[in-house]
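File shown: query_6.cif. Contents: mmCIF, C-alpha atoms.
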```cif
data_my_file
loop_
_atom_site.label_atom_id
_atom_site.label_comp_id
_atom_site.auth_asym_id
_atom_site.auth_seq_id
_atom_site.Cartn_x
_atom_site.Cartn_y
_atom_site.Cartn_z
CA MET A 1 131.80 157.06 -117.04
CA PRO A 2 133.87 153.91 -116.23
CA HIS A 3 132.85 150.49 -117.51
CA ASP A 4 134.41 147.05 -117.67
CA GLN A 5 135.24 147.37 -121.36
CA TYR A 6 135.19 151.12 -121.99
CA ALA A 7 135.13 154.49 -120.27
CA LEU A 8 133.63 157.84 -121.23
CA LEU A 9 135.00 161.13 -119.91
CA VAL A 10 133.42 164.50 -120.63
CA SER A 11 135.30 167.71 -119.93
CA GLY A 12 134.51 171.39 -120.56
CA GLU A 13 131.95 173.93 -119.39
CA LYS A 14 128.29 173.51 -120.13
CA GLY A 15 127.42 175.26 -123.37
CA GLY A 16 131.10 175.54 -124.35
CA ASN A 17 133.70 173.37 -126.07
CA ILE A 18 133.03 169.84 -124.83
CA ILE A 19 135.68 167.14 -125.16
CA LEU A 20 134.41 163.58 -125.13
CA SER A 21 137.19 161.11 -124.36
CA ILE A 22 136.59 157.49 -125.25
CA SER A 23 138.87 154.80 -123.92
CA GLY A 24 138.84 151.02 -124.04
CA SER A 25 136.76 149.09 -126.53
CA ALA A 26 134.31 150.67 -128.98
CA SER A 27 132.84 147.59 -130.61
CA LEU A 28 129.64 145.73 -131.35
CA ASP A 29 129.59 144.42 -127.79
CA THR A 30 129.74 147.88 -126.18
CA ILE A 31 127.90 150.28 -128.47
CA SER A 32 124.48 149.27 -127.12
CA LEU A 33 125.60 150.59 -123.70
CA MET A 34 127.84 153.37 -124.94
CA LEU A 35 125.37 155.10 -127.26
CA PRO A 36 122.68 156.03 -124.68
CA GLU A 37 125.37 157.23 -122.26
CA ILE A 38 126.87 159.56 -124.89
CA LYS A 39 123.45 160.96 -125.78
CA THR A 40 122.70 161.62 -122.10
CA LEU A 41 126.04 163.38 -121.52
CA LEU A 42 125.68 165.59 -124.56
CA GLU A 43 122.10 166.55 -123.72
CA GLU A 44 123.27 167.64 -120.29
CA LYS A 45 126.22 169.71 -121.61
CA HIS A 46 124.62 171.41 -124.65
CA PRO A 47 128.03 171.84 -126.34
CA SER A 48 128.74 174.72 -128.72
CA LYS A 49 131.59 172.60 -130.11
CA LEU A 50 132.21 168.88 -129.74
CA THR A 51 135.62 167.21 -129.86
CA THR A 52 135.96 163.44 -129.60
CA ASP A 53 139.26 162.24 -128.21
CA LEU A 54 140.15 158.78 -129.49
CA GLY A 55 143.65 158.65 -128.05
CA ASN A 56 142.83 155.91 -125.54
CA VAL A 57 140.72 153.71 -127.78
CA GLU A 58 142.23 150.23 -127.62
CA TYR A 59 139.86 148.42 -129.92
CA LEU A 60 137.55 149.73 -132.64
CA ASP A 61 135.52 147.64 -135.07
CA SER A 62 133.10 148.64 -137.81
CA ALA A 63 130.24 148.91 -135.31
CA GLY A 64 132.28 151.33 -133.15
CA ALA A 65 133.24 153.32 -136.25
CA LEU A 66 129.58 153.49 -137.20
CA LEU A 67 128.86 154.87 -133.73
CA LEU A 68 131.40 157.67 -134.23
CA ILE A 69 130.00 158.57 -137.64
CA GLN A 70 126.50 158.59 -136.18
CA LEU A 71 127.73 160.93 -133.46
CA GLU A 72 129.37 163.13 -136.09
CA ASN A 73 126.18 163.26 -138.19
CA GLU A 74 124.10 164.07 -135.12
CA ALA A 75 126.40 167.02 -134.35
CA LYS A 76 126.14 168.28 -137.92
CA ARG A 77 122.37 168.00 -137.77
CA LYS A 78 122.39 170.27 -134.71
CA SER A 79 124.95 172.65 -136.36
CA ILE A 80 127.54 171.84 -133.72
CA PRO A 81 131.18 171.96 -134.94
CA PHE A 82 132.67 168.48 -134.63
CA ALA A 83 136.28 167.29 -134.60
CA TYR A 84 138.34 164.20 -133.81
CA LEU A 85 141.38 164.34 -131.57
CA ASN A 86 144.30 161.90 -131.36
CA MET A 87 142.95 159.64 -134.11
CA SER A 88 145.51 156.91 -134.79
CA ASP A 89 146.24 155.50 -138.25
CA LYS A 90 144.55 152.24 -137.31
CA VAL A 91 141.37 154.04 -136.32
CA LYS A 92 141.53 156.14 -139.51
CA GLY A 93 141.84 152.93 -141.54
CA ILE A 94 138.73 151.44 -139.99
CA MET A 95 136.81 154.69 -140.42
CA THR A 96 137.64 154.80 -144.13
CA LEU A 97 136.16 151.33 -144.60
CA LEU A 98 132.67 152.74 -144.12
CA ASP A 99 130.90 154.39 -147.03
CA ARG A 100 129.59 157.64 -145.54
CA ASP A 101 127.50 158.43 -148.60
CA ALA A 102 125.77 155.07 -148.39
CA LEU A 103 124.97 155.66 -144.72
CA SER A 104 123.21 158.92 -145.52
CA THR A 105 121.34 157.57 -148.54
CA ASN A 106 117.96 156.00 -148.19
CA PRO A 107 117.96 152.25 -148.98
CA ILE A 108 116.89 151.31 -152.44
CA ILE A 109 113.48 149.67 -152.13
CA PRO A 110 111.92 148.46 -155.33
CA GLU A 111 108.63 150.06 -156.08
CA LYS A 112 105.65 147.89 -155.52
CA ARG A 113 104.45 146.80 -158.88
CA THR A 114 100.84 145.97 -159.38
CA ILE A 115 100.10 143.17 -161.77
CA GLY A 116 96.99 143.38 -163.88
CA PHE A 117 94.53 140.64 -164.64
CA PHE A 118 95.78 139.95 -168.17
CA GLU A 119 99.40 140.04 -167.00
CA ARG A 120 98.60 137.40 -164.40
CA ILE A 121 97.01 135.25 -167.07
CA GLY A 122 100.08 135.72 -169.26
CA GLU A 123 102.49 134.77 -166.47
CA ALA A 124 100.40 131.73 -165.57
CA SER A 125 100.30 130.67 -169.22
CA ILE A 126 104.07 131.02 -169.60
CA GLY A 127 104.62 129.06 -166.39
CA PHE A 128 102.27 126.32 -167.55
CA TYR A 129 104.00 126.19 -170.96
CA ASP A 130 107.45 125.91 -169.33
CA ASP A 131 106.12 123.23 -166.99
CA ILE A 132 104.80 121.21 -169.92
CA LEU A 133 108.16 121.46 -171.68
CA GLU A 134 110.01 120.27 -168.56
CA VAL A 135 107.62 117.34 -168.11
CA ILE A 136 108.04 116.33 -171.77
CA SER A 137 111.82 116.65 -171.54
CA PHE A 138 111.98 114.56 -168.36
CA GLY A 139 109.51 112.06 -169.83
CA GLY A 140 111.79 111.57 -172.84
CA GLU A 141 114.84 110.99 -170.64
CA LEU A 142 112.91 108.63 -168.38
CA THR A 143 111.61 106.64 -171.37
CA LEU A 144 115.14 106.20 -172.72
CA GLU A 145 116.36 105.08 -169.29
CA ILE A 146 113.49 102.58 -168.97
CA ILE A 147 114.34 101.10 -172.39
CA TYR A 148 118.02 100.96 -171.48
CA SER A 149 117.25 99.27 -168.16
CA LEU A 150 115.01 96.67 -169.83
CA PHE A 151 117.95 95.65 -172.05
CA HIS A 152 120.46 95.92 -169.18
CA LEU A 153 118.62 94.42 -166.23
CA ARG A 154 121.81 94.08 -164.20
CA SER A 155 122.12 97.88 -164.16
CA VAL A 156 118.86 98.18 -162.20
CA ARG A 157 119.20 98.51 -158.43
CA TRP A 158 116.86 95.62 -157.60
CA THR A 159 117.39 95.95 -153.86
CA ASP A 160 115.90 99.43 -154.01
CA VAL A 161 113.13 98.15 -156.27
CA ILE A 162 112.10 95.64 -153.59
CA VAL A 163 112.21 98.32 -150.91
CA TYR A 164 109.95 100.61 -152.94
CA MET A 165 107.64 97.70 -153.79
CA LYS A 166 107.08 97.26 -150.08
CA LYS A 167 106.50 100.98 -149.55
CA VAL A 168 104.15 101.38 -152.50
CA GLY A 169 102.38 98.02 -152.40
CA VAL A 170 102.50 96.25 -149.06
CA ASP A 171 102.28 99.42 -146.96
CA GLY A 172 99.52 100.83 -149.17
CA LEU A 173 97.40 97.68 -149.22
CA PRO A 174 95.42 98.39 -145.99
CA ILE A 175 94.25 101.83 -147.11
CA VAL A 176 93.50 100.61 -150.64
CA GLY A 177 91.51 97.69 -149.26
CA LEU A 178 89.54 99.83 -146.79
CA ILE A 179 88.70 102.60 -149.27
CA THR A 180 87.63 100.28 -152.07
CA PHE A 181 85.64 98.06 -149.68
CA LEU A 182 83.67 101.12 -148.56
CA LEU A 183 83.35 102.24 -152.18
CA GLY A 184 81.90 98.85 -153.07
CA LEU A 185 79.40 99.16 -150.22
CA ILE A 186 78.28 102.59 -151.39
CA LEU A 187 78.02 101.69 -155.06
CA ALA A 188 76.08 98.52 -154.37
CA PHE A 189 73.72 100.28 -151.98
CA MET A 190 73.08 103.25 -154.28
CA SER A 191 72.62 100.96 -157.29
CA SER A 192 70.14 98.81 -155.40
CA LEU A 193 68.00 101.86 -154.59
CA GLN A 194 67.39 102.43 -158.30
CA LEU A 195 67.33 98.84 -159.57
CA LYS A 196 64.99 97.73 -156.77
CA GLN A 197 62.21 99.80 -158.35
CA PHE A 198 62.32 97.54 -161.39
CA GLY A 199 62.94 94.31 -159.48
CA ALA A 200 66.43 94.14 -160.99
CA ASN A 201 68.55 93.67 -157.87
CA ILE A 202 70.16 90.71 -159.57
CA TYR A 203 72.09 93.18 -161.77
CA VAL A 204 73.79 94.95 -158.85
CA PRO A 205 76.76 92.50 -158.82
CA SER A 206 77.39 92.81 -162.56
CA LEU A 207 77.08 96.60 -162.48
CA LEU A 208 79.48 96.94 -159.58
CA SER A 209 81.99 94.44 -160.91
CA LEU A 210 82.10 95.95 -164.40
CA ALA A 211 82.43 99.50 -163.06
CA MET A 212 85.26 98.55 -160.71
CA VAL A 213 87.26 96.45 -163.15
CA ARG A 214 86.96 98.78 -166.14
CA GLU A 215 87.16 102.21 -164.50
CA LEU A 216 87.09 102.69 -160.76
CA GLY A 217 89.59 100.02 -159.72
CA PRO A 218 92.56 101.40 -161.69
CA ILE A 219 91.60 104.98 -160.85
CA MET A 220 91.20 104.41 -157.11
CA ALA A 221 94.44 102.46 -156.86
CA ALA A 222 96.27 105.13 -158.87
CA ILE A 223 94.86 108.01 -156.79
CA LEU A 224 95.86 106.36 -153.51
CA VAL A 225 99.34 105.55 -154.82
CA ALA A 226 99.73 109.13 -156.07
CA GLY A 227 98.76 110.52 -152.68
CA ARG A 228 101.00 108.17 -150.70
CA SER A 229 103.96 107.28 -152.88
CA GLY A 230 104.09 109.96 -155.62
CA SER A 231 104.40 112.68 -153.01
CA ALA A 232 106.97 110.60 -151.09
CA PHE A 233 109.09 110.20 -154.23
CA ALA A 234 109.03 113.98 -154.81
CA ALA A 235 109.93 114.72 -151.18
CA GLU A 236 112.76 112.17 -151.14
CA ILE A 237 114.45 113.40 -154.32
CA GLY A 238 113.71 117.04 -153.46
CA THR A 239 115.43 116.67 -150.10
CA MET A 240 118.42 115.06 -151.83
CA LYS A 241 118.52 118.05 -154.21
CA VAL A 242 118.52 120.48 -151.28
CA ASN A 243 121.31 118.53 -149.58
CA GLU A 244 123.26 118.50 -152.88
CA GLU A 245 123.31 114.69 -152.87
CA VAL A 246 122.05 114.62 -156.46
CA ASP A 247 124.92 116.91 -157.50
CA ALA A 248 127.30 114.55 -155.73
CA LEU A 249 125.91 111.61 -157.74
CA ILE A 250 126.45 113.53 -160.98
CA THR A 251 129.98 114.42 -159.90
CA MET A 252 130.73 110.75 -159.23
CA GLY A 253 129.50 109.83 -162.71
CA PHE A 254 126.07 108.39 -161.83
CA ASN A 255 123.01 109.13 -163.93
CA PRO A 256 120.53 110.49 -161.35
CA ILE A 257 117.48 109.36 -163.31
CA ARG A 258 118.84 105.81 -163.67
CA PHE A 259 120.07 105.77 -160.07
CA LEU A 260 117.06 107.34 -158.33
CA ALA A 261 114.02 107.27 -160.61
CA ILE A 262 114.25 103.88 -162.32
CA PRO A 263 113.91 101.78 -159.10
CA LYS A 264 110.82 103.78 -158.13
CA VAL A 265 109.26 103.47 -161.58
CA PHE A 266 109.92 99.72 -161.81
CA ALA A 267 108.49 99.18 -158.33
CA ALA A 268 105.35 101.11 -159.25
CA ILE A 269 104.98 99.16 -162.52
CA MET A 270 105.08 95.86 -160.63
CA VAL A 271 102.88 96.85 -157.70
CA VAL A 272 100.14 99.16 -158.99
CA PRO A 273 98.48 96.44 -161.19
CA LEU A 274 98.41 94.14 -158.15
CA LEU A 275 96.89 96.92 -156.05
CA THR A 276 94.29 97.40 -158.77
CA LEU A 277 93.33 93.71 -158.54
CA PHE A 278 93.09 94.03 -154.77
CA ALA A 279 90.96 97.16 -155.18
CA ASP A 280 88.59 95.31 -157.51
CA LEU A 281 88.41 92.35 -155.12
CA PHE A 282 87.72 94.42 -151.99
CA ALA A 283 85.08 96.49 -153.79
CA ILE A 284 83.32 93.33 -154.93
CA ILE A 285 83.47 92.01 -151.36
CA GLY A 286 81.92 95.28 -150.15
CA GLY A 287 79.15 94.91 -152.71
CA LEU A 288 78.75 91.27 -151.69
CA ALA A 289 77.99 92.36 -148.12
CA ILE A 290 75.19 94.62 -149.40
CA GLY A 291 73.89 91.93 -151.72
CA VAL A 292 73.78 89.23 -149.07
CA PHE A 293 72.47 91.27 -146.13
CA PHE A 294 70.14 93.76 -147.88
CA LEU A 295 69.22 92.34 -151.29
CA ASP A 296 68.59 88.72 -150.30
CA LEU A 297 71.14 87.43 -152.79
CA THR A 298 73.17 84.34 -152.03
CA VAL A 299 76.94 84.38 -152.14
CA TYR A 300 76.90 81.93 -155.04
CA THR A 301 74.50 84.08 -157.05
CA TYR A 302 76.47 87.24 -156.38
CA VAL A 303 79.77 85.66 -157.40
CA GLN A 304 78.24 84.09 -160.51
CA GLN A 305 76.76 87.39 -161.65
CA SER A 306 80.07 89.16 -161.04
CA ILE A 307 82.03 86.59 -163.04
CA LYS A 308 79.59 86.83 -165.94
CA ALA A 309 80.08 90.60 -166.16
CA ILE A 310 83.87 90.51 -166.11
CA THR A 311 85.69 89.47 -169.26
CA ILE A 312 89.37 88.78 -169.89
CA PHE A 313 89.44 91.83 -172.13
CA ASN A 314 88.30 94.04 -169.24
CA ILE A 315 90.96 92.65 -166.92
CA VAL A 316 93.75 92.99 -169.51
CA THR A 317 92.84 96.58 -170.40
CA SER A 318 92.60 97.37 -166.68
CA MET A 319 96.12 96.01 -166.13
CA ILE A 320 97.49 97.95 -169.12
CA LYS A 321 95.88 101.12 -167.79
CA SER A 322 97.37 100.47 -164.35
CA VAL A 323 100.86 100.09 -165.79
CA VAL A 324 100.55 103.38 -167.70
CA LEU A 325 99.23 105.16 -164.60
CA ALA A 326 102.04 103.68 -162.49
CA ILE A 327 104.68 105.09 -164.86
CA LEU A 328 102.98 108.49 -164.82
CA ILE A 329 102.64 108.63 -161.03
CA ALA A 330 106.22 107.56 -160.32
CA GLY A 331 107.59 109.66 -163.18
CA ILE A 332 105.82 112.88 -162.21
CA GLY A 333 106.82 112.37 -158.56
CA CYS A 334 110.48 112.02 -159.51
CA GLN A 335 110.29 114.92 -161.97
CA ARG A 336 108.88 117.27 -159.33
CA GLY A 337 111.61 116.17 -156.94
CA PHE A 338 114.33 116.96 -159.47
CA MET A 339 112.79 120.43 -159.98
CA VAL A 340 113.47 121.46 -156.37
CA ARG A 341 115.95 124.33 -156.20
CA GLY A 342 115.42 125.94 -152.80
CA GLY A 343 114.88 124.75 -149.25
CA ALA A 344 112.17 123.03 -147.27
CA GLN A 345 109.42 125.25 -148.68
CA ASP A 346 110.35 124.25 -152.24
CA VAL A 347 110.29 120.59 -151.22
CA GLY A 348 106.78 121.08 -149.85
CA ASN A 349 105.67 122.81 -153.05
CA ALA A 350 107.13 119.97 -155.13
CA THR A 351 105.28 117.40 -153.02
CA THR A 352 101.97 119.18 -153.47
CA SER A 353 102.62 119.72 -157.16
CA ALA A 354 103.44 116.03 -157.63
CA VAL A 355 100.07 114.98 -156.22
CA VAL A 356 98.10 117.59 -158.18
CA ALA A 357 99.88 116.84 -161.46
CA ALA A 358 99.48 113.08 -160.95
CA LEU A 359 95.73 113.42 -160.32
CA PHE A 360 95.38 115.59 -163.42
CA LEU A 361 97.27 113.07 -165.56
CA ILE A 362 95.26 110.16 -164.13
CA ILE A 363 92.03 111.78 -165.28
CA VAL A 364 93.46 112.67 -168.70
CA VAL A 365 94.86 109.18 -169.31
CA ASP A 366 91.67 107.50 -168.12
CA SER A 367 89.66 109.67 -170.52
CA ILE A 368 91.96 108.69 -173.40
CA PHE A 369 91.60 105.00 -172.51
CA ALA A 370 87.82 105.34 -172.31
CA ILE A 371 87.69 106.81 -175.81
CA LEU A 372 90.11 104.29 -177.31
CA LEU A 373 88.44 101.25 -175.72
CA ASN A 374 85.09 102.42 -177.01
CA TYR A 375 86.32 101.83 -180.57
CA ILE A 376 88.06 98.49 -179.93
#
```
Rewrite the structure of this file - the entire thing - as structure tokens.
Amino acid sequence: MPHDQYALLVSGEKGGNIILSISGSASLDTISLMLPEIKTLLEEKHPSKLTTDLGNVEYLDSAGALLLIQLENEAKRKSIPFAYLNMSDKVKGIMTLLDRDALSTNPIIPEKRTIGFFERIGEASIGFYDDILEVISFGGELTLEIIYSLFHLRSVRWTDVIVYMKKVGVDGLPIVGLITFLLGLILAFMSSLQLKQFGANIYVPSLLSLAMVRELGPIMAAILVAGRSGSAFAAEIGTMKVNEEVDALITMGFNPIRFLAIPKVFAAIMVVPLLTLFADLFAIIGGLAIGVFFLDLTVYTYVQQSIKAITIFNIVTSMIKSVVLAILIAGIGCQRGFMVRGGAQDVGNATTSAVVAALFLIIVVDSIFAILLNYI
């Protein structure tokens, strides 16, 4: 049967010795058309012997050779004697490139292995242990780089520090202000419901102010920074890992932690305490709205009661806690980014892991501070 790129010619009596002549190109581009035509011709002829004439084949690639071997195997399966005719050395060379045994062997598929409950616990424990070791190792390197940068301030990329200060602080201020303002409203309102029974509405400002400055302010600011900026740090460094930009920095002699992580950590150290102060202020303003409009307190009374409850010690410990949380959030975000090995999916996993790990560490560190401050 003629075609633009190939032609098939069948000769011989039906049920006898059939000669299939192939001419032209037998390649990947033609086998999808050639194969059904060959099957149709052979089904019509019912050959007792099949001979394939390759004398006029002009081009044969591995796909065309695979077609011939498939035809040969089909003939053997039907117990039809099969032979090649006019096979050139070039065609023989291409045919020998294919592993006939591999074509007739079933692919090796690993057996599905069921994992038991205790084995899952063991694997999870080993993974958690390895993760802890990596975090400790990265934390040690980051600490050394922070100390080095403090004694070599000119080595810090201050332009990047300013850029990240804007991203972490200025861009995050609206959401921090809104969330903490609403939190102040809720805390003041819920507190007033209980204190009103005892005629103690006057203590709502001091309760809210003390809770925000000592505990909730640093935690809320840290959680919002972890969700916005910690994940962004992990995604940025992870993408650079995927694009081999981090490897390029190492090849050029740059320390990737000093080059990429230090500006982010320094920016977080400078901005997170300020965000904590803003969080405290907006929460107090939210409570002030409840106090003025629902508790019949004057602005002067509310502010005076808030100031009485807040001490310098509370503000200083809150700032220290914010600095520690800032280092943890930026550090864990960078560490998760450096752990990326694969593609976009791994970057997404690192981003999620950075947020989860940061939230876990925020709670742990806040618990440690609560215990320590109780004994000071």
Checklist entry - Can you tell me, as a list in words, what residues are no more than 9 Å from A:Gln335 when counting only C-alpha atoms, ignoring any on the same chain fewer than 3 positions away? => result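 Contacts, with the query itself left out: Glu134, Val135, Phe138, Gly139, Ala234, Ile237, Ala261, Ala330, Gly331, Ile332, Phe338, Met339 and Ala354 of chain A.
Using only C-alpha atoms for every distance, the candidate list A:Thr239, A:Leu224, A:Leu207, A:Ser231 yields A:Leu207 as the residue closest to A:Leu195.
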Checklist entry - So what does the PyMOL selection byres ((chain A and resi 357-366) around 7) actually pick up in this one, as number ranges by chain? => result A: 223, 226, 325, 328-329, 332, 353-356, 367-370
Next on the checklist: Evaluated on this file, the PyMOL selection byres ((chain A and resi 277) around 10) picks out some residues - which ones are they, written as a ChimeraX atom specification?
Outcome noted: /A:212-213,217-218,221,272-276,278-283,315,318-319,322
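Counting all atoms listed in the file, A:Ile162 has the following residues at most 12 Å away, ignoring those fewer than 4 positions along the same chain: Val156, Arg157, Trp158, Lys166, Lys167, Val168, Gly169, Val170, Pro263, Lys264, Val265, Phe266, Ala267, Ala268, Ile269, Met270 and Val271 of chain A.
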Checklist entry - Pick from A:Lys241, A:Lys76, A:Lys92, A:Lys49: nearest to A:Gly343, with all atoms listed in the file counted? => result A:Lys241
Determine, counting all atoms listed in the file, which protein, DNA and RNA residues have an atom within 9 Å of an atom of stretch 19-36 of chain A; residues of the same chain fewer than 4 positions away are not included. Present the result as a PDB file with C-alpha atoms, in the frame of the given file.
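Below is the file around37.pdb, written as the result:
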```
ATOM      1  CA  HIS A   3     132.850 150.490-117.510  1.00  0.00           C
ATOM      2  CA  ASP A   4     134.410 147.050-117.670  1.00  0.00           C
ATOM      3  CA  GLN A   5     135.240 147.370-121.360  1.00  0.00           C
ATOM      4  CA  TYR A   6     135.190 151.120-121.990  1.00  0.00           C
ATOM      5  CA  ALA A   7     135.130 154.490-120.270  1.00  0.00           C
ATOM      6  CA  LEU A   8     133.630 157.840-121.230  1.00  0.00           C
ATOM      7  CA  LEU A   9     135.000 161.130-119.910  1.00  0.00           C
ATOM      8  CA  VAL A  10     133.420 164.500-120.630  1.00  0.00           C
ATOM      9  CA  SER A  11     135.300 167.710-119.930  1.00  0.00           C
ATOM     10  CA  GLY A  12     134.510 171.390-120.560  1.00  0.00           C
ATOM     11  CA  THR A  40     122.700 161.620-122.100  1.00  0.00           C
ATOM     12  CA  LEU A  41     126.040 163.380-121.520  1.00  0.00           C
ATOM     13  CA  LEU A  42     125.680 165.590-124.560  1.00  0.00           C
ATOM     14  CA  LYS A  49     131.590 172.600-130.110  1.00  0.00           C
ATOM     15  CA  LEU A  50     132.210 168.880-129.740  1.00  0.00           C
ATOM     16  CA  THR A  51     135.620 167.210-129.860  1.00  0.00           C
ATOM     17  CA  THR A  52     135.960 163.440-129.600  1.00  0.00           C
ATOM     18  CA  ASP A  53     139.260 162.240-128.210  1.00  0.00           C
ATOM     19  CA  LEU A  54     140.150 158.780-129.490  1.00  0.00           C
ATOM     20  CA  GLY A  55     143.650 158.650-128.050  1.00  0.00           C
ATOM     21  CA  ASN A  56     142.830 155.910-125.540  1.00  0.00           C
ATOM     22  CA  VAL A  57     140.720 153.710-127.780  1.00  0.00           C
ATOM     23  CA  GLU A  58     142.230 150.230-127.620  1.00  0.00           C
ATOM     24  CA  TYR A  59     139.860 148.420-129.920  1.00  0.00           C
ATOM     25  CA  LEU A  60     137.550 149.730-132.640  1.00  0.00           C
ATOM     26  CA  ASP A  61     135.520 147.640-135.070  1.00  0.00           C
ATOM     27  CA  SER A  62     133.100 148.640-137.810  1.00  0.00           C
ATOM     28  CA  ALA A  63     130.240 148.910-135.310  1.00  0.00           C
ATOM     29  CA  GLY A  64     132.280 151.330-133.150  1.00  0.00           C
ATOM     30  CA  ALA A  65     133.240 153.320-136.250  1.00  0.00           C
ATOM     31  CA  LEU A  67     128.860 154.870-133.730  1.00  0.00           C
ATOM     32  CA  LEU A  71     127.730 160.930-133.460  1.00  0.00           C
ATOM     33  CA  LEU A  85     141.380 164.340-131.570  1.00  0.00           C
TER      34      LEU A  85
END
```
Next on the checklist: Could you tell me, as a list in words, exactly which residues end up selected when the PyMOL selection byres ((chain A and resi 258) around 10) is applied to this structure?
Outcome noted: Glu141, Leu142, Leu144, Glu145, Ile146, Tyr148, Ser149, Ser155, Val156, Arg157, Phe254, Asn255, Pro256, Ile257, Phe259, Leu260, Ala261, Ile262, Pro263 and Lys264 of chain A
Next on the checklist: I'd like the interatomic distance between atom CA of A:Leu295 and atom CA of A:Asn201, to a tenth of an Å.
Outcome noted: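 Value for the atom CA of A:Leu295-atom CA of A:Asn201 distance: 6.7 Å.
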Next on the checklist: What's the separation between atom CA of A:Ser48 and atom CA of A:Lys14, in Å to one decimal place?
Outcome noted: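 Separating atom CA of A:Ser48 from atom CA of A:Lys14 is a distance of 8.7 Å.
Minimum atom-to-atom distance to A:Ile285, evaluated using all atoms listed in the file, belongs to A:Leu208 out of A:Leu372, A:Ile136, A:Val91, A:Leu208.
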Checklist entry - What is the atom CA of A:Ala350-atom CA of A:Arg336 distance in Å, reported with one decimal? => result 5.3 Å
Checklist outcome for this item: Across A:Gly140, A:Asn243, A:Gly287, A:Ser125, the smallest distance to A:Thr180, with all atoms listed in the file counted, is shown by A:Gly287
Item to check | Selection as a ChimeraX atom specification: residues within 12 Å of (79.5, 89.3, -147.0), counting only C-alpha atoms | outcome: /A:181,184-185,282-300,302-303
Item to check | Spatial neighbours of A:Ala309, max dist 9 Å, only C-alpha atoms, sep filter under 2 positions, as a VMD selection string | outcome: chain A and resid 205 to 207 209 to 210 304 to 307 311
Could you add the missing atoms to stretch 329-343 of chain A, up to N, CA and C atoms, and return them as a compact mmCIF listing (two decimals), in the coordinates of the input?
```txt
# COMPACT_ATOMS: atom_id res chain seq x y z
N ILE A 329 102.58 108.21 -162.44
CA ILE A 329 102.64 108.63 -161.03
C ILE A 329 104.09 108.67 -160.53
N ALA A 330 104.83 107.58 -160.78
CA ALA A 330 106.22 107.56 -160.32
C ALA A 330 107.07 108.59 -161.07
N GLY A 331 106.81 108.71 -162.38
CA GLY A 331 107.59 109.66 -163.18
C GLY A 331 107.37 111.10 -162.76
N ILE A 332 106.10 111.48 -162.56
CA ILE A 332 105.82 112.88 -162.21
C ILE A 332 106.32 113.16 -160.79
N GLY A 333 106.27 112.17 -159.90
CA GLY A 333 106.82 112.37 -158.56
C GLY A 333 108.32 112.63 -158.60
N CYS A 334 109.03 111.83 -159.39
CA CYS A 334 110.48 112.02 -159.51
C CYS A 334 110.80 113.35 -160.20
N GLN A 335 110.02 113.67 -161.23
CA GLN A 335 110.29 114.92 -161.97
C GLN A 335 110.12 116.14 -161.07
N ARG A 336 109.08 116.15 -160.24
CA ARG A 336 108.88 117.27 -159.33
C ARG A 336 110.00 117.33 -158.29
N GLY A 337 110.49 116.16 -157.88
CA GLY A 337 111.61 116.17 -156.94
C GLY A 337 112.87 116.76 -157.55
N PHE A 338 113.14 116.42 -158.81
CA PHE A 338 114.33 116.96 -159.47
C PHE A 338 114.21 118.45 -159.75
N MET A 339 112.98 118.99 -159.73
CA MET A 339 112.79 120.43 -159.98
C MET A 339 113.10 121.28 -158.77
N VAL A 340 113.24 120.68 -157.59
CA VAL A 340 113.47 121.46 -156.37
C VAL A 340 114.79 122.22 -156.48
N ARG A 341 114.74 123.49 -156.17
CA ARG A 341 115.95 124.33 -156.20
C ARG A 341 116.25 124.97 -154.85
N GLY A 342 115.21 125.21 -154.04
CA GLY A 342 115.42 125.94 -152.80
C GLY A 342 115.47 125.04 -151.58
N GLY A 343 114.81 125.47 -150.51
CA GLY A 343 114.88 124.75 -149.25
C GLY A 343 113.64 123.93 -148.98
```
